[in-house]
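> Quick one: the structure is below, questions incoming.
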Amino acid sequence: MQAVPDNVFRALADPTRRAIYERLARNGEQTVHALTDRSGVSQPAISKHLTVLKRAKLVRHRREGRETHYSAQPQALAPLVDWMSIYGAFWRERFDQLENLLQRMEK
Amino acid sequence: MNESAQTRTLLIEREMPHPPEKIWRALTEGPLIAEWLMTNDFKPEVGHRFTFRATPVPGWSGIIESEVLVVEPPSRLVYSWGALGLDSAVTFTLTPTEGGTRLRMEHSGFGSDQDQAYKGANYGWRNFLNNLEHVVERMD
């Protein structure tokens, strides 16, 4: 877990930024306008949040005409997911059950 | 565990006093899989898409979306494991030993060029963060 960049944690610590990130992850690419419209937050505030997310590499942007489109970059979350802690106990316990089953199969 | 790449692979290896063919059955027959792992509609056919179903918890449907990637009886089985919006793969390797079989399981996540894998469409990321610990507890 020590490889996790602080800015990823910091970026996701804010509920508004989490909401923005979640919307991009769920709904795909969106413009700053679209993100502002349904957020109840001003556009400069949204842009500021997007800058923080961008710095953490959680979002990517591209310009098209006058609009800037943002999309989620979930691979930035990879270091957050500690495979050992998520699945370690899970698989060990399942392996115990597998060995139980194999013993019963012998009959 | 000091390299991030290592945190994305879980390795379990156990020596079991059973022949590979028998362990292979437990790994590839749906009703047997259900007895030790989870309810499923697995078939040992490359390309077969199936789901594992665990008890749902808030923020997680309990559904694991999988696809069979490699079937080499009775020595190697690989399927993808899509849960919590993150794709990973589970590889079983069976090696005959004097007393039975060495069963090795590798659960690894995140290829480097898998943008497509991160659809993010069917999970609530915020819930995932908030409930990660809870999910892990319940999965035990």
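Ordered as shown in the structure tokens, chains take letters A, B, and onward, while each chain numbers its residues from 1 and ligands are numbered from 1 in the order shown.
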How would you write, as a list in words, the set of residues in range 23-82 of chain A that DSSP gives as alpha helix (DSSP H)?
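Everything in range 23-82 of chain A that counts as alpha helix (DSSP H) is Arg23, Leu24, Ala25, Arg26, Asn27, Val32, His33, Ala34, Leu35, Thr36, Asp37, Gln43, Pro44, Ala45, Ile46, Ser47, Lys48, His49, Leu50, Thr51, Val52, Leu53, Lys54 and Arg55 of chain A.
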> Just the residues within 7 Å of Ala83 in chain B, please, counting only C-alpha atoms, with nothing from its chain fewer than 3 positions along; format it as a list of chain:residue names.
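Listing them by chain and then by number gives B:Ile63, B:Ile64, B:Glu65, B:Leu86, B:Asp87.
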> Keeping only C-alpha atoms, write the selected residues to a file as a PDB file, in the first residue's frame.

```
ATOM      1  CA  ILE B  63     -21.891 -11.003  -8.526  1.00  0.00           C
ATOM      2  CA  ILE B  64     -18.563 -11.879 -10.061  1.00  0.00           C
ATOM      3  CA  GLU B  65     -18.505 -11.821 -13.859  1.00  0.00           C
ATOM      4  CA  LEU B  86     -11.956  -4.256 -11.370  1.00  0.00           C
ATOM      5  CA  ASP B  87     -10.905  -7.073 -13.622  1.00  0.00           C
TER       6      ASP B  87
END
```
> Counting only C-alpha atoms, which of A:His33, A:Arg23, A:Arg17, A:Arg94 gets nearest to Arg66 in chain A?
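Using only C-alpha atoms, the shortest distance to Arg66 in chain A belongs to A:His33.
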> As a list in words, please: the residues near Val32 in chain A (cut-off 9 Å, only C-alpha atoms, same-chain neighbours under 6 positions excluded).
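Here the answer would be Gln43, Ile46, Ser47, Leu50, Glu67, Thr68, His69 and Tyr70 of chain A.
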> What does the structure give for the distance between CA of Pro20 in chain B and CA of Ser66 in chain B, in Å to one decimal?
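Answer for the CA of Pro20 in chain B to CA of Ser66 in chain B separation: 23.4 Å.
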> Please measure the separation of CA of Gln73 in chain A and CA of Leu12 in chain A, giving the value in Å to one decimal.
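According to the coordinates, CA of Gln73 in chain A and CA of Leu12 in chain A are separated by 13.1 Å.
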> Need the shell around range 68-72 of chain B: protein/DNA/RNA residues with any atom at most 12 Å away, counting only C-alpha atoms. Skip same-chain ones fewer than 3 positions apart. Format as a PyMOL selection string?
chain B and resi 20-21+24+27-28+41-51+65+75-82+88-94
> Can you spit out the residues from that selection as a JSON list (two decimals), in the first residue's frame, using N, CA and C atoms?

```
[["chain", "number", "residue", "atom", "x", "y", "z"],
["B", 20, "PRO", "N", -4.43, -35.35, -9.46],
["B", 20, "PRO", "CA", -4.84, -34.15, -10.19],
["B", 20, "PRO", "C", -6.23, -34.28, -10.82],
["B", 21, "GLU", "N", -6.55, -35.45, -11.34],
["B", 21, "GLU", "CA", -7.83, -35.63, -12.03],
["B", 21, "GLU", "C", -9.01, -35.36, -11.10],
["B", 24, "TRP", "N", -9.15, -31.68, -10.35],
["B", 24, "TRP", "CA", -9.67, -31.04, -11.57],
["B", 24, "TRP", "C", -11.19, -31.06, -11.60],
["B", 27, "LEU", "N", -12.63, -28.49, -9.46],
["B", 27, "LEU", "CA", -12.41, -27.14, -9.99],
["B", 27, "LEU", "C", -13.30, -26.83, -11.19],
["B", 28, "THR", "N", -13.84, -27.87, -11.82],
["B", 28, "THR", "CA", -14.50, -27.63, -13.12],
["B", 28, "THR", "C", -15.94, -28.15, -13.22],
["B", 41, "ASP", "N", -22.44, -20.81, -12.81],
["B", 41, "ASP", "CA", -22.89, -21.55, -14.00],
["B", 41, "ASP", "C", -21.68, -21.80, -14.91],
["B", 42, "PHE", "N", -20.63, -22.24, -14.25],
["B", 42, "PHE", "CA", -19.37, -22.53, -14.94],
["B", 42, "PHE", "C", -19.49, -23.72, -15.89],
["B", 43, "LYS", "N", -18.80, -23.62, -17.02],
["B", 43, "LYS", "CA", -18.60, -24.78, -17.90],
["B", 43, "LYS", "C", -17.15, -24.75, -18.34],
["B", 44, "PRO", "N", -16.51, -25.92, -18.42],
["B", 44, "PRO", "CA", -15.09, -25.94, -18.78],
["B", 44, "PRO", "C", -14.87, -25.77, -20.28],
["B", 45, "GLU", "N", -15.34, -24.63, -20.81],
["B", 45, "GLU", "CA", -15.18, -24.36, -22.24],
["B", 45, "GLU", "C", -14.58, -22.98, -22.39],
["B", 46, "VAL", "N", -13.49, -22.90, -23.14],
["B", 46, "VAL", "CA", -12.86, -21.60, -23.37],
["B", 46, "VAL", "C", -13.86, -20.65, -24.02],
["B", 47, "GLY", "N", -13.97, -19.46, -23.48],
["B", 47, "GLY", "CA", -14.89, -18.47, -24.03],
["B", 47, "GLY", "C", -16.24, -18.44, -23.32],
["B", 48, "HIS", "N", -16.50, -19.45, -22.49],
["B", 48, "HIS", "CA", -17.77, -19.49, -21.77],
["B", 48, "HIS", "C", -17.82, -18.38, -20.73],
["B", 49, "ARG", "N", -18.88, -17.57, -20.80],
["B", 49, "ARG", "CA", -19.07, -16.51, -19.81],
["B", 49, "ARG", "C", -20.00, -16.99, -18.72],
["B", 50, "PHE", "N", -19.62, -16.72, -17.48],
["B", 50, "PHE", "CA", -20.43, -17.22, -16.38],
["B", 50, "PHE", "C", -20.32, -16.26, -15.20],
["B", 51, "THR", "N", -21.15, -16.53, -14.18],
["B", 51, "THR", "CA", -21.09, -15.69, -12.98],
["B", 51, "THR", "C", -20.93, -16.55, -11.74],
["B", 65, "GLU", "N", -18.36, -11.51, -12.43],
["B", 65, "GLU", "CA", -18.51, -11.82, -13.86],
["B", 65, "GLU", "C", -17.22, -12.46, -14.34],
["B", 75, "SER", "N", -4.34, -29.93, -15.75],
["B", 75, "SER", "CA", -3.19, -29.22, -15.22],
["B", 75, "SER", "C", -3.33, -27.70, -15.14],
["B", 76, "ARG", "N", -4.17, -27.11, -15.96],
["B", 76, "ARG", "CA", -4.23, -25.66, -15.92],
["B", 76, "ARG", "C", -5.61, -25.13, -16.26],
["B", 77, "LEU", "N", -6.09, -24.20, -15.41],
["B", 77, "LEU", "CA", -7.41, -23.60, -15.60],
["B", 77, "LEU", "C", -7.29, -22.11, -15.29],
["B", 78, "VAL", "N", -7.78, -21.28, -16.22],
["B", 78, "VAL", "CA", -7.72, -19.84, -16.00],
["B", 78, "VAL", "C", -9.09, -19.24, -16.30],
["B", 79, "TYR", "N", -9.59, -18.41, -15.38],
["B", 79, "TYR", "CA", -10.76, -17.61, -15.73],
["B", 79, "TYR", "C", -10.60, -16.18, -15.24],
["B", 80, "SER", "N", -11.31, -15.28, -15.93],
["B", 80, "SER", "CA", -11.28, -13.89, -15.50],
["B", 80, "SER", "C", -12.21, -13.75, -14.31],
["B", 81, "TRP", "N", -12.03, -12.67, -13.57],
["B", 81, "TRP", "CA", -12.74, -12.47, -12.32],
["B", 81, "TRP", "C", -13.06, -10.99, -12.23],
["B", 82, "GLY", "N", -14.28, -10.63, -12.62],
["B", 82, "GLY", "CA", -14.65, -9.22, -12.62],
["B", 82, "GLY", "C", -15.55, -8.89, -11.45],
["B", 88, "SER", "N", -9.72, -9.02, -12.89],
["B", 88, "SER", "CA", -8.54, -9.77, -12.51],
["B", 88, "SER", "C", -8.67, -11.16, -13.10],
["B", 89, "ALA", "N", -7.68, -12.00, -12.86],
["B", 89, "ALA", "CA", -7.73, -13.35, -13.40],
["B", 89, "ALA", "C", -7.29, -14.34, -12.33],
["B", 90, "VAL", "N", -7.92, -15.51, -12.37],
["B", 90, "VAL", "CA", -7.58, -16.57, -11.43],
["B", 90, "VAL", "C", -7.00, -17.74, -12.23],
["B", 91, "THR", "N", -5.81, -18.18, -11.85],
["B", 91, "THR", "CA", -5.13, -19.27, -12.54],
["B", 91, "THR", "C", -4.89, -20.42, -11.57],
["B", 92, "PHE", "N", -5.37, -21.60, -11.92],
["B", 92, "PHE", "CA", -5.07, -22.80, -11.14],
["B", 92, "PHE", "C", -4.06, -23.64, -11.91],
["B", 93, "THR", "N", -3.03, -24.07, -11.22],
["B", 93, "THR", "CA", -2.05, -24.96, -11.84],
["B", 93, "THR", "C", -1.92, -26.21, -10.97],
["B", 94, "LEU", "N", -2.06, -27.37, -11.58],
["B", 94, "LEU", "CA", -1.99, -28.64, -10.85],
["B", 94, "LEU", "C", -0.75, -29.40, -11.30]]
```
> Quick one: residues within 9 Å of Asn100 in chain A, only C-alpha atoms, excluding same-chain residues fewer than 5 positions away - as a compact mmCIF listing (two decimals) with N, CA and C atoms, in the first residue's frame?

```txt
# COMPACT_ATOMS: atom_id res chain seq x y z
N PHE A 95 -10.01 -22.63 0.09
CA PHE A 95 -9.12 -23.79 -0.09
C PHE A 95 -9.37 -24.83 1.01
N MET A 105 -15.23 -36.60 -1.31
CA MET A 105 -15.36 -37.23 -2.63
C MET A 105 -14.75 -38.62 -2.66
N TRP B 36 -17.43 -25.60 -2.64
CA TRP B 36 -16.29 -25.00 -1.94
C TRP B 36 -16.06 -23.53 -2.27
```
